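So this one's upload14.txt, compact mmCIF, C-alpha atoms and all ligand atoms:
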# COMPACT_ATOMS: atom_id res chain seq x y z
CA MET D 1 97.62 -168.77 -105.56
CA ALA D 2 99.34 -166.14 -107.67
CA LEU D 3 97.65 -165.08 -110.89
CA LEU D 4 100.85 -165.51 -112.86
CA GLU D 5 104.01 -167.23 -111.77
CA VAL D 6 107.05 -167.23 -114.00
CA GLU D 7 109.73 -169.59 -112.75
CA ASP D 8 113.25 -169.65 -114.12
CA LEU D 9 112.14 -168.69 -117.59
CA GLU D 10 114.79 -169.12 -120.25
CA VAL D 11 114.49 -167.87 -123.82
CA SER D 12 117.22 -168.65 -126.33
CA LEU D 13 118.14 -167.48 -129.78
CA LYS D 14 119.69 -169.86 -132.24
CA SER D 15 122.75 -168.27 -133.76
CA GLY D 16 124.65 -170.64 -136.04
CA ARG D 17 125.55 -173.56 -133.82
CA ASP D 18 125.16 -171.62 -130.62
CA LEU D 19 122.11 -171.19 -128.50
CA LEU D 20 122.38 -167.73 -126.92
CA LYS D 21 120.35 -167.15 -123.78
CA VAL D 22 118.43 -163.95 -124.21
CA VAL D 23 116.33 -164.42 -121.10
CA ASP D 24 118.39 -166.25 -118.54
CA GLY D 25 116.41 -167.73 -115.65
CA ILE D 26 113.88 -165.05 -114.80
CA SER D 27 111.32 -165.50 -112.03
CA PHE D 28 108.50 -163.23 -110.90
CA THR D 29 104.96 -163.50 -109.65
CA ILE D 30 102.00 -161.23 -109.95
CA GLU D 31 98.79 -161.35 -107.94
CA GLN D 32 95.39 -160.20 -109.05
CA GLY D 33 95.15 -156.41 -109.02
CA GLU D 34 98.90 -155.87 -108.82
CA THR D 35 101.01 -153.76 -111.14
CA LEU D 36 104.46 -155.12 -111.80
CA GLY D 37 106.98 -152.94 -113.56
CA ILE D 38 109.74 -154.55 -115.60
CA VAL D 39 112.45 -152.01 -116.32
CA GLY D 40 115.82 -152.02 -118.02
CA GLU D 41 117.56 -150.47 -121.01
CA SER D 42 116.77 -151.53 -124.53
CA GLY D 43 118.13 -155.01 -125.33
CA CYS D 44 117.82 -156.44 -121.80
CA GLY D 45 115.20 -159.03 -122.75
CA LYS D 46 112.02 -157.35 -121.52
CA SER D 47 109.96 -157.83 -124.67
CA LEU D 48 111.03 -161.43 -125.10
CA THR D 49 109.99 -162.13 -121.50
CA ALA D 50 106.57 -160.67 -122.31
CA LEU D 51 106.21 -162.50 -125.61
CA ALA D 52 107.22 -165.80 -124.00
CA THR D 53 104.63 -165.26 -121.27
CA MET D 54 101.96 -164.60 -123.88
CA GLY D 55 102.96 -167.71 -125.83
CA LEU D 56 103.84 -165.58 -128.84
CA LEU D 57 107.30 -166.94 -129.65
CA GLY D 58 106.19 -169.95 -131.68
CA GLY D 59 107.62 -170.18 -135.17
CA THR D 60 110.48 -167.76 -134.59
CA PRO D 61 114.22 -168.50 -134.21
CA ILE D 62 113.76 -167.54 -130.58
CA ARG D 63 112.16 -170.01 -128.23
CA VAL D 64 111.51 -170.88 -124.64
CA THR D 65 114.23 -173.30 -123.55
CA GLY D 66 113.53 -173.60 -119.84
CA GLY D 67 111.36 -172.75 -116.86
CA ARG D 68 107.64 -172.74 -116.25
CA ILE D 69 104.81 -170.29 -116.67
CA LEU D 70 101.84 -170.89 -114.38
CA PHE D 71 98.59 -169.02 -114.86
CA GLU D 72 96.24 -169.49 -111.91
CA GLY D 73 98.35 -172.47 -111.00
CA GLN D 74 98.12 -174.13 -114.42
CA ASP D 75 101.37 -174.86 -116.22
CA LEU D 76 100.77 -173.38 -119.66
CA SER D 77 103.10 -175.83 -121.35
CA LEU D 78 100.95 -178.77 -120.18
CA LEU D 79 97.68 -177.48 -121.65
CA THR D 80 96.17 -178.57 -124.95
CA PRO D 81 96.49 -175.97 -127.73
CA ASN D 82 92.80 -175.14 -127.28
CA GLN D 83 93.08 -174.59 -123.56
CA ARG D 84 96.19 -172.52 -124.08
CA ARG D 85 94.43 -170.36 -126.64
CA MET D 86 91.59 -169.79 -124.19
CA ILE D 87 93.99 -168.45 -121.59
CA MET D 88 96.49 -166.67 -123.77
CA GLY D 89 93.88 -165.19 -126.06
CA ASN D 90 91.25 -164.28 -123.48
CA GLN D 91 92.61 -164.00 -120.01
CA MET D 92 95.85 -162.27 -120.93
CA ALA D 93 96.15 -159.39 -123.37
CA MET D 94 99.11 -157.40 -124.57
CA ILE D 95 99.66 -153.94 -125.99
CA PHE D 96 102.80 -152.84 -127.80
CA GLN D 97 104.88 -149.74 -128.26
CA GLU D 98 103.77 -148.82 -131.74
CA PRO D 99 100.01 -149.17 -132.19
CA MET D 100 100.27 -148.75 -135.97
CA THR D 101 101.93 -152.14 -136.23
CA SER D 102 98.98 -153.83 -134.55
CA LEU D 103 96.13 -151.84 -136.06
CA ASN D 104 95.11 -152.68 -139.59
CA PRO D 105 95.29 -149.45 -141.59
CA VAL D 106 92.52 -150.40 -144.02
CA TYR D 107 89.77 -151.08 -141.46
CA ARG D 108 87.87 -148.63 -139.30
CA VAL D 109 88.92 -148.83 -135.66
CA GLY D 110 85.39 -149.74 -134.60
CA ASP D 111 85.34 -152.76 -136.87
CA GLN D 112 88.65 -153.92 -135.43
CA ILE D 113 87.31 -153.69 -131.88
CA ILE D 114 84.11 -155.44 -132.95
CA GLU D 115 86.15 -158.25 -134.44
CA ALA D 116 88.12 -158.61 -131.18
CA LEU D 117 84.85 -158.71 -129.23
CA GLN D 118 83.27 -161.31 -131.47
CA GLN D 119 86.27 -163.59 -131.17
CA HIS D 120 85.66 -163.59 -127.46
CA GLU D 121 81.89 -164.01 -127.18
CA THR D 122 78.77 -164.33 -129.26
CA LEU D 123 77.31 -160.90 -129.74
CA SER D 124 74.92 -159.53 -132.34
CA GLN D 125 76.34 -156.83 -134.61
CA LYS D 126 74.37 -154.20 -132.69
CA GLN D 127 75.52 -155.46 -129.28
CA ALA D 128 79.12 -155.60 -130.44
CA ARG D 129 78.92 -152.07 -131.82
CA ASP D 130 77.43 -150.73 -128.59
CA ARG D 131 80.10 -152.49 -126.59
CA ALA D 132 82.84 -151.09 -128.88
CA ILE D 133 81.48 -147.57 -128.27
CA GLU D 134 81.48 -148.28 -124.53
CA LEU D 135 85.08 -149.43 -124.70
CA LEU D 136 86.14 -146.31 -126.60
CA ALA D 137 84.43 -144.24 -123.93
CA LEU D 138 86.15 -146.29 -121.23
CA VAL D 139 89.56 -145.42 -122.68
CA ARG D 140 88.39 -141.80 -122.83
CA ILE D 141 88.23 -141.28 -126.53
CA PRO D 142 86.08 -138.20 -127.03
CA ASP D 143 82.96 -138.57 -129.17
CA PRO D 144 83.18 -142.37 -129.41
CA LYS D 145 80.01 -142.70 -131.50
CA ASN D 146 81.75 -140.90 -134.34
CA ARG D 147 85.30 -141.98 -133.64
CA ILE D 148 84.31 -145.58 -134.06
CA ASN D 149 84.17 -144.87 -137.79
CA SER D 150 87.69 -143.45 -138.00
CA PHE D 151 90.55 -145.14 -139.76
CA PRO D 152 93.76 -145.51 -137.70
CA HIS D 153 95.62 -142.82 -139.68
CA GLN D 154 92.94 -140.30 -138.78
CA LEU D 155 93.81 -140.62 -135.11
CA SER D 156 96.78 -139.22 -133.19
CA GLY D 157 99.40 -141.57 -131.69
CA GLY D 158 97.84 -141.22 -128.25
CA MET D 159 94.34 -141.97 -129.58
CA ARG D 160 95.64 -145.01 -131.44
CA GLN D 161 97.21 -146.32 -128.25
CA ARG D 162 93.83 -145.81 -126.55
CA VAL D 163 92.21 -147.89 -129.29
CA MET D 164 94.78 -150.62 -128.71
CA ILE D 165 93.99 -150.59 -125.01
CA ALA D 166 90.26 -150.81 -125.83
CA MET D 167 90.96 -153.85 -128.02
CA ALA D 168 93.02 -155.45 -125.27
CA LEU D 169 90.16 -154.87 -122.83
CA ALA D 170 87.63 -156.36 -125.25
CA CYS D 171 88.23 -159.82 -123.84
CA ASP D 172 88.07 -158.60 -120.25
CA PRO D 173 91.55 -159.94 -119.42
CA LYS D 174 92.78 -160.82 -115.95
CA LEU D 175 96.26 -159.73 -116.94
CA LEU D 176 97.31 -156.92 -119.25
CA ILE D 177 100.91 -156.77 -120.43
CA ALA D 178 101.84 -153.31 -121.70
CA ASP D 179 105.21 -153.29 -123.47
CA GLU D 180 106.55 -149.72 -123.64
CA PRO D 181 103.00 -148.45 -124.27
CA THR D 182 104.01 -144.79 -124.09
CA THR D 183 107.52 -144.77 -125.51
CA ALA D 184 106.42 -143.49 -128.92
CA LEU D 185 104.32 -140.70 -127.42
CA ASP D 186 105.21 -137.22 -126.26
CA VAL D 187 105.48 -136.56 -122.55
CA THR D 188 102.02 -135.11 -121.93
CA VAL D 189 100.25 -137.85 -123.82
CA GLN D 190 102.49 -140.39 -122.13
CA SER D 191 101.29 -139.43 -118.67
CA GLN D 192 97.64 -139.41 -119.84
CA ILE D 193 97.98 -142.98 -121.09
CA LEU D 194 99.71 -144.09 -117.88
CA ASP D 195 96.92 -142.51 -115.83
CA LEU D 196 94.42 -144.32 -118.00
CA ILE D 197 96.11 -147.68 -117.45
CA VAL D 198 96.21 -147.11 -113.69
CA ASP D 199 92.53 -146.11 -113.62
CA LEU D 200 91.47 -149.07 -115.73
CA GLN D 201 93.48 -151.36 -113.52
CA LYS D 202 91.63 -150.02 -110.46
CA GLN D 203 88.22 -150.22 -112.14
CA THR D 204 88.58 -153.72 -113.53
CA GLY D 205 90.86 -155.27 -110.89
CA MET D 206 93.05 -156.76 -113.62
CA ALA D 207 96.75 -157.26 -113.01
CA VAL D 208 99.16 -155.24 -115.14
CA ILE D 209 102.73 -155.87 -116.20
CA LEU D 210 104.14 -152.58 -117.38
CA ILE D 211 107.38 -152.73 -119.31
CA SER D 212 109.51 -149.64 -119.76
CA HIS D 213 113.09 -148.51 -120.17
CA ASP D 214 112.17 -145.50 -118.03
CA LEU D 215 112.28 -146.02 -114.29
CA GLY D 216 110.29 -142.79 -113.89
CA VAL D 217 107.33 -144.35 -115.71
CA ILE D 218 107.53 -147.41 -113.47
CA ALA D 219 107.82 -145.31 -110.30
CA GLU D 220 104.59 -143.49 -111.13
CA THR D 221 102.61 -146.60 -111.85
CA CYS D 222 103.74 -149.84 -110.26
CA ASN D 223 103.59 -151.45 -106.85
CA LYS D 224 106.26 -154.05 -107.62
CA VAL D 225 109.40 -153.65 -109.68
CA ALA D 226 111.80 -156.05 -111.39
CA VAL D 227 114.94 -154.51 -112.90
CA MET D 228 116.40 -156.46 -115.82
CA TYR D 229 119.93 -156.38 -117.09
CA ARG D 230 121.08 -158.58 -119.92
CA GLY D 231 118.51 -161.30 -119.52
CA LYS D 232 118.41 -161.46 -115.74
CA VAL D 233 116.50 -159.76 -112.97
CA ILE D 234 119.21 -157.95 -111.03
CA GLU D 235 117.00 -156.21 -108.48
CA ALA D 236 113.40 -156.85 -107.42
CA ALA D 237 111.33 -155.34 -104.65
CA ASP D 238 108.09 -153.63 -103.76
CA ALA D 239 108.18 -150.22 -105.39
CA ASP D 240 108.20 -148.31 -102.09
CA ASP D 241 111.05 -150.38 -100.82
CA LEU D 242 113.01 -150.19 -104.07
CA PHE D 243 112.92 -146.43 -104.23
CA ALA D 244 113.64 -146.05 -100.52
CA HIS D 245 116.56 -148.49 -100.49
CA LEU D 246 118.14 -148.86 -103.92
CA ARG D 247 120.64 -151.69 -103.82
CA HIS D 248 122.03 -152.22 -107.32
CA PRO D 249 124.36 -149.71 -109.01
CA TYR D 250 122.51 -150.36 -112.28
CA THR D 251 119.17 -149.37 -110.75
CA ARG D 252 120.88 -146.31 -109.30
CA GLY D 253 122.06 -145.45 -112.82
CA LEU D 254 118.57 -145.88 -114.24
CA LEU D 255 117.19 -143.58 -111.58
CA ASP D 256 119.83 -140.97 -112.35
CA SER D 257 118.99 -141.21 -116.06
CA ILE D 258 115.37 -140.13 -115.59
CA PRO D 259 115.01 -136.93 -117.57
CA VAL D 260 114.39 -133.98 -115.31
CA ALA D 261 111.38 -131.91 -116.36
CA ASP D 262 112.26 -128.72 -118.21
CA LYS D 263 115.90 -129.67 -118.58
CA GLU D 264 117.24 -129.94 -122.07
CA VAL D 265 120.03 -132.32 -121.19
CA GLU D 266 118.29 -135.65 -121.16
CA HIS D 267 121.00 -138.05 -120.18
CA LEU D 268 122.76 -136.03 -117.59
CA ASN D 269 123.79 -138.97 -115.45
CA ALA D 270 123.13 -141.81 -117.84
CA ILE D 271 125.04 -145.02 -117.23
CA LYS D 272 128.26 -145.09 -119.23
CA GLY D 273 128.61 -147.51 -122.11
CA ARG D 274 125.83 -149.74 -123.42
CA VAL D 275 124.18 -153.09 -122.85
CA PRO D 276 126.60 -155.73 -124.22
CA THR D 277 125.30 -157.67 -127.19
CA LEU D 278 124.51 -161.36 -126.83
CA GLU D 279 127.69 -162.30 -128.68
CA GLU D 280 129.91 -160.43 -126.23
CA ALA D 281 130.84 -162.87 -123.51
CA ILE D 282 131.61 -161.21 -120.19
CA GLU D 283 133.38 -162.92 -117.30
CA GLY D 284 131.82 -162.38 -113.91
CA CYS D 285 129.02 -159.88 -113.46
CA THR D 286 127.67 -158.77 -116.84
CA PHE D 287 127.37 -155.21 -115.54
CA ASN D 288 131.05 -155.01 -114.57
CA PRO D 289 132.29 -153.06 -117.65
CA ARG D 290 129.87 -150.25 -116.78
CA CYS D 291 129.71 -150.41 -113.02
CA PRO D 292 131.09 -147.43 -111.07
CA ASN D 293 131.79 -149.68 -108.06
CA VAL D 294 133.47 -152.59 -109.86
CA GLN D 295 135.93 -154.64 -107.80
CA GLN D 296 138.13 -157.65 -108.44
CA LYS D 297 135.47 -160.20 -107.47
CA CYS D 298 133.02 -158.75 -110.00
CA LEU D 299 135.40 -159.65 -112.83
CA SER D 300 135.44 -163.35 -112.03
CA SER D 301 132.14 -164.52 -110.57
CA TYR D 302 128.50 -163.80 -111.33
CA PRO D 303 126.72 -162.70 -108.14
CA SER D 304 124.00 -164.90 -106.70
CA VAL D 305 120.85 -163.41 -105.23
CA ALA D 306 121.21 -161.55 -101.95
CA ALA D 307 117.97 -161.05 -100.02
CA PHE D 308 117.16 -158.06 -97.85
CA GLU D 309 114.10 -157.28 -95.73
CA ARG D 310 110.60 -157.53 -97.21
CA GLY D 311 111.60 -159.72 -100.10
CA HIS D 312 113.95 -157.16 -101.64
CA GLU D 313 116.41 -159.10 -103.80
CA VAL D 314 119.55 -158.00 -105.56
CA ARG D 315 122.27 -159.63 -107.62
CA CYS D 316 125.40 -157.74 -106.74
CA HIS D 317 128.57 -158.64 -104.83
CA PHE D 318 128.65 -155.18 -103.29
CA PRO D 319 125.08 -153.93 -102.94
CA LEU D 320 124.60 -150.26 -102.12
CA GLU D 321 123.83 -149.35 -98.54
CA GLY D 322 120.31 -148.60 -99.56
CA ASN D 323 120.02 -144.89 -98.88
CA GLU D 324 122.45 -143.30 -101.30
N1 LIG J 401 113.96 -161.55 -133.63
C1 LIG J 401 115.18 -161.43 -133.07
N2 LIG J 401 116.28 -161.92 -133.68
C2 LIG J 401 117.50 -161.80 -133.11
N3 LIG J 401 117.73 -161.23 -131.93
C3 LIG J 401 116.69 -160.71 -131.28
C4 LIG J 401 115.34 -160.78 -131.79
N4 LIG J 401 114.52 -160.20 -130.92
C5 LIG J 401 115.30 -159.78 -129.91
N5 LIG J 401 116.58 -160.08 -130.11
C6 LIG J 401 117.72 -159.78 -129.23
O1 LIG J 401 117.38 -160.23 -127.93
C7 LIG J 401 117.78 -159.29 -126.95
C8 LIG J 401 116.61 -158.91 -126.08
O2 LIG J 401 115.60 -158.32 -126.87
P1 LIG J 401 114.28 -157.68 -126.29
O3 LIG J 401 113.56 -158.66 -125.42
O4 LIG J 401 113.53 -157.14 -127.44
O5 LIG J 401 114.85 -156.50 -125.37
P2 LIG J 401 114.10 -155.26 -124.74
O6 LIG J 401 112.64 -155.44 -124.92
O7 LIG J 401 114.53 -155.27 -123.31
O8 LIG J 401 114.63 -154.06 -125.45
C9 LIG J 401 118.38 -158.12 -127.70
O9 LIG J 401 119.78 -158.27 -127.65
C10 LIG J 401 117.89 -158.27 -129.09
O10 LIG J 401 118.83 -157.80 -130.00
MG MG J 402 111.30 -154.18 -125.92

Since I need it in another form, could you write the structure as structure tokens?
Ligand SMILES: Nc1ncnc2c1ncn2[C@@H]1O[C@H](COP(=O)(O)OP(=O)(O)O)[C@@H](O)[C@H]1O
Ligand SMILES: [Mg+2]
Amino acid sequence: MALLEVEDLEVSLKSGRDLLKVVDGISFTIEQGETLGIVGESGCGKSLTALATMGLLGGTPIRVTGGRILFEGQDLSLLTPNQRRMIMGNQMAMIFQEPMTSLNPVYRVGDQIIEALQQHETLSQKQARDRAIELLALVRIPDPKNRINSFPHQLSGGMRQRVMIAMALACDPKLLIADEPTTALDVTVQSQILDLIVDLQKQTGMAVILISHDLGVIAETCNKVAVMYRGKVIEAADADDLFAHLRHPYTRGLLDSIPVADKEVEHLNAIKGRVPTLEEAIEGCTFNPRCPNVQQKCLSSYPSVAAFERGHEVRCHFPLEGNE
């Protein structure tokens, strides 16, 4: 049984009388110990997929309008609120792009970790404090005994993201969802945090969903990849297979947009144009206005899923040969 199975997930935004599909029938599975990368440009629906999975869309104009989310085989929508809280609050944890929005600026970081720990299990103040120091050491914060007394603003961006990871680990989750965890950080710190996530994943055996707009980040870290474009997964494969046999022109574009080290020009080969907004209706394949290989058929019908060897799937009428 998969740890997490997302089947045909749909998330919609109410806009006047219309219900706009922001996440449009997404499916993926993740097994224990796996690292799944979800990649796509900003606005493709990655964060909403994550928030829906975590059950964090309640009370917003955006809601889940279809599909199922199964955690260890249990349909989360069929659980009582208490059961759901047990799973979504304890067995899954999420970290976000900007740690300052999740850390409370007026409390010491140690106290915030202690609070997270005590929500999870009954610990004395001393036990919780010791465990918080252990967690700070685990995420490689130097001098954790003293750092535990710091306020968030006294820490660098990278250190704050480490604190967030420590808090996420406080409940010993089976699944960690990291939504652009390194986007706000400079390149060196970024790779340190990615290394940390990979190491923690190996140590704890938890599964990780890593979300990024940067295919380079995903390539370094993940063993499975789902590429999203405008609310749909347009290519999915094992990472080795994906990078050996790219099939979708969009994925090709993402790969060509990876900044080359030491080059000043960042978007040398970036994909032309931008992700269409939800209000812009597009006939046929939603990537057609930007696709270098667009043909007549792409303007009229949305491609269904084509399957290649080893479970490699792509939504494109004219998939690439796989070795370009
Ligand atoms: N709170 C919101 N209100 C209105 N539109 C939203 C909201 N959150 C996200 N969206 C829209 O939904 C789409 C997908 O958003 P998101 O999941 O955040 O994308 P990503 O994480 O891939 O950048 C975007 O077009 C975004 O503008
Ligand atoms: Mg996002």

Listing only residues of chain D within 10 Å of ligand MG 402 (chain J), what is the closest atom pair and its distance in Å (to one decimal) for each, using all atoms listed in the file, sorted by chain and residue number ascending, as a tab-separated table?
residue	atom	partner	partner_atom	distance
D:Val39	CA	J:MG402	MG	9.9
D:Gly40	CA	J:MG402	MG	9.4
D:Glu41	CA	J:MG402	MG	8.8
D:Ser42	CA	J:MG402	MG	6.2
D:Gly43	CA	J:MG402	MG	6.9
D:Cys44	CA	J:MG402	MG	8.0
D:Gly45	CA	J:MG402	MG	7.0
D:Lys46	CA	J:MG402	MG	5.5
D:Ser47	CA	J:MG402	MG	4.1
D:Leu48	CA	J:MG402	MG	7.3
D:Thr49	CA	J:MG402	MG	9.2
D:Ala50	CA	J:MG402	MG	8.8
D:Leu51	CA	J:MG402	MG	9.8
D:Phe96	CA	J:MG402	MG	8.8
D:Gln97	CA	J:MG402	MG	8.1
D:Asp179	CA	J:MG402	MG	6.6
D:Glu180	CA	J:MG402	MG	6.9
D:Ile211	CA	J:MG402	MG	7.8
D:Ser212	CA	J:MG402	MG	7.9
D:His213	CA	J:MG402	MG	8.3

Could you check which of D:Met86, D:Leu3, D:Leu56, D:Val198 is closest to ligand LIG 401 (chain J), using all atoms listed in the file?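 Nearest to ligand LIG 401 (chain J): D:Leu56.
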
In terms of the shortest atom-to-atom distance over only C-alpha atoms and all ligand atoms, which of D:Ala170, D:Val187, D:Ile62, D:Leu155 is closest to ligand LIG 401 (chain J)?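 Smallest separation from ligand LIG 401 (chain J) among the options: D:Ile62.
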
Which residue is closest to Thr221 (chain D)? Choose from D:Val163, D:Val208, D:Ile69, D:Leu57 and count only C-alpha atoms.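 That would be D:Val208, the residue with the smallest distance to Thr221 (chain D).
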
Using all atoms of ligand LIG 401 (chain J) that appear in the file, construct an axis-aligned enclosing box with 6 Å of padding on every side and provide its centre coordinates and edge lengths in Å, rounded to one decimal, as AutoDock Vina command-line options.
--center_x 116.2 --center_y -158.0 --center_z -128.5 --size_x 19.1 --size_y 19.9 --size_z 22.4

Given the choices D:Ile133, D:Ile258, D:Ile113, D:Met228, which gets closest to ligand LIG 401 (chain J) if the distance is worked out from all atoms listed in the file?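 Of all the options, D:Met228 lies closest to ligand LIG 401 (chain J).
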
Selected residue of minimal separation from ligand LIG 401 (chain J) among D:Thr277, D:Asn146, D:Gln125, D:Ser304, counting all atoms listed in the file: D:Thr277

Distance criterion (only C-alpha atoms): nearest to Ala52 (chain D) out of D:Leu185, D:Ile234, D:Met94, D:Leu320: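 Under the stated criterion, the closest residue is D:Met94.
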
In Å, how far is it from CA of Val109 (chain D) to CA of Arg147 (chain D)?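 Calculated distance between CA of Val109 (chain D) and CA of Arg147 (chain D) is 8.0 Å.
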
Contacts of Glu7 (chain D) at 7 Å or less, counting all atoms listed in the file, minus same-chain residues fewer than 4 places along, as a list of chain:residue names?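 Contacts, with the query itself left out: D:Ile26, D:Ser27, D:Phe28, D:Gly67, D:Arg68, D:Ile69.
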
At a cut-off of 9 Å, using all atoms listed in the file, what residues contact Ile141 (chain D)? Leave out same-chain residues fewer than 3 positions from it and give the result as an MDAnalysis selection string. chainID D and resid 135:138 144 147 159 162:163

Length of the CA of Gln201 (chain D) to CA of Pro173 (chain D) vector [Å]: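 Answer for the CA of Gln201 (chain D) to CA of Pro173 (chain D) separation: 10.6 Å.
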
How about completing region 153-160 of chain D with all heavy atoms and giving it to me as a PDB file, in the frame of the given file?
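Generated output (rebuild-v5.pdb):
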ATOM      1  N   HIS D 153      94.782-143.987-139.343  1.00  0.00           N
ATOM      2  CA  HIS D 153      95.620-142.820-139.680  1.00  0.00           C
ATOM      3  C   HIS D 153      94.942-141.494-139.369  1.00  0.00           C
ATOM      4  O   HIS D 153      95.581-140.454-139.350  1.00  0.00           O
ATOM      5  CB  HIS D 153      96.050-142.879-141.149  1.00  0.00           C
ATOM      6  CG  HIS D 153      94.937-142.558-142.098  1.00  0.00           C
ATOM      7  ND1 HIS D 153      94.160-143.544-142.661  1.00  0.00           N
ATOM      8  CD2 HIS D 153      94.453-141.384-142.548  1.00  0.00           C
ATOM      9  CE1 HIS D 153      93.239-142.976-143.434  1.00  0.00           C
ATOM     10  NE2 HIS D 153      93.404-141.675-143.377  1.00  0.00           N
ATOM     11  N   GLN D 154      93.636-141.542-139.114  1.00  0.00           N
ATOM     12  CA  GLN D 154      92.940-140.300-138.780  1.00  0.00           C
ATOM     13  C   GLN D 154      93.059-139.955-137.297  1.00  0.00           C
ATOM     14  O   GLN D 154      92.590-138.915-136.860  1.00  0.00           O
ATOM     15  CB  GLN D 154      91.450-140.424-139.153  1.00  0.00           C
ATOM     16  CG  GLN D 154      91.255-140.578-140.661  1.00  0.00           C
ATOM     17  CD  GLN D 154      89.811-140.880-141.029  1.00  0.00           C
ATOM     18  OE1 GLN D 154      89.167-141.715-140.396  1.00  0.00           O
ATOM     19  NE2 GLN D 154      89.317-140.199-142.052  1.00  0.00           N
ATOM     20  N   LEU D 155      93.672-140.857-136.545  1.00  0.00           N
ATOM     21  CA  LEU D 155      93.810-140.620-135.110  1.00  0.00           C
ATOM     22  C   LEU D 155      95.255-140.275-134.758  1.00  0.00           C
ATOM     23  O   LEU D 155      96.183-140.703-135.437  1.00  0.00           O
ATOM     24  CB  LEU D 155      93.422-141.888-134.331  1.00  0.00           C
ATOM     25  CG  LEU D 155      92.005-142.420-134.545  1.00  0.00           C
ATOM     26  CD1 LEU D 155      91.818-143.732-133.809  1.00  0.00           C
ATOM     27  CD2 LEU D 155      90.971-141.403-134.100  1.00  0.00           C
ATOM     28  N   SER D 156      95.426-139.524-133.667  1.00  0.00           N
ATOM     29  CA  SER D 156      96.780-139.220-133.190  1.00  0.00           C
ATOM     30  C   SER D 156      97.396-140.475-132.568  1.00  0.00           C
ATOM     31  O   SER D 156      96.683-141.448-132.290  1.00  0.00           O
ATOM     32  CB  SER D 156      96.711-138.117-132.132  1.00  0.00           C
ATOM     33  OG  SER D 156      96.037-138.624-130.989  1.00  0.00           O
ATOM     34  N   GLY D 157      98.706-140.423-132.314  1.00  0.00           N
ATOM     35  CA  GLY D 157      99.400-141.570-131.690  1.00  0.00           C
ATOM     36  C   GLY D 157      98.762-141.955-130.363  1.00  0.00           C
ATOM     37  O   GLY D 157      98.551-143.133-130.068  1.00  0.00           O
ATOM     38  N   GLY D 158      98.442-140.958-129.556  1.00  0.00           N
ATOM     39  CA  GLY D 158      97.840-141.220-128.250  1.00  0.00           C
ATOM     40  C   GLY D 158      96.474-141.881-128.394  1.00  0.00           C
ATOM     41  O   GLY D 158      96.140-142.818-127.669  1.00  0.00           O
ATOM     42  N   MET D 159      95.676-141.395-129.352  1.00  0.00           N
ATOM     43  CA  MET D 159      94.340-141.970-129.580  1.00  0.00           C
ATOM     44  C   MET D 159      94.456-143.404-130.095  1.00  0.00           C
ATOM     45  O   MET D 159      93.665-144.271-129.734  1.00  0.00           O
ATOM     46  CB  MET D 159      93.541-141.115-130.581  1.00  0.00           C
ATOM     47  CG  MET D 159      93.080-139.799-130.000  1.00  0.00           C
ATOM     48  SD  MET D 159      91.914-140.051-128.618  1.00  0.00           S
ATOM     49  CE  MET D 159      92.160-138.543-127.715  1.00  0.00           C
ATOM     50  N   ARG D 160      95.449-143.635-130.943  1.00  0.00           N
ATOM     51  CA  ARG D 160      95.640-145.010-131.440  1.00  0.00           C
ATOM     52  C   ARG D 160      96.008-145.940-130.295  1.00  0.00           C
ATOM     53  O   ARG D 160      95.547-147.073-130.232  1.00  0.00           O
ATOM     54  CB  ARG D 160      96.746-145.045-132.504  1.00  0.00           C
ATOM     55  CG  ARG D 160      96.301-144.449-133.821  1.00  0.00           C
ATOM     56  CD  ARG D 160      97.197-144.906-134.952  1.00  0.00           C
ATOM     57  NE  ARG D 160      98.523-144.324-134.883  1.00  0.00           N
ATOM     58  CZ  ARG D 160      98.925-143.279-135.607  1.00  0.00           C
ATOM     59  NH1 ARG D 160      98.097-142.725-136.476  1.00  0.00           N
ATOM     60  NH2 ARG D 160     100.139-142.830-135.504  1.00  0.00           N
TER      61      ARG D 160
END
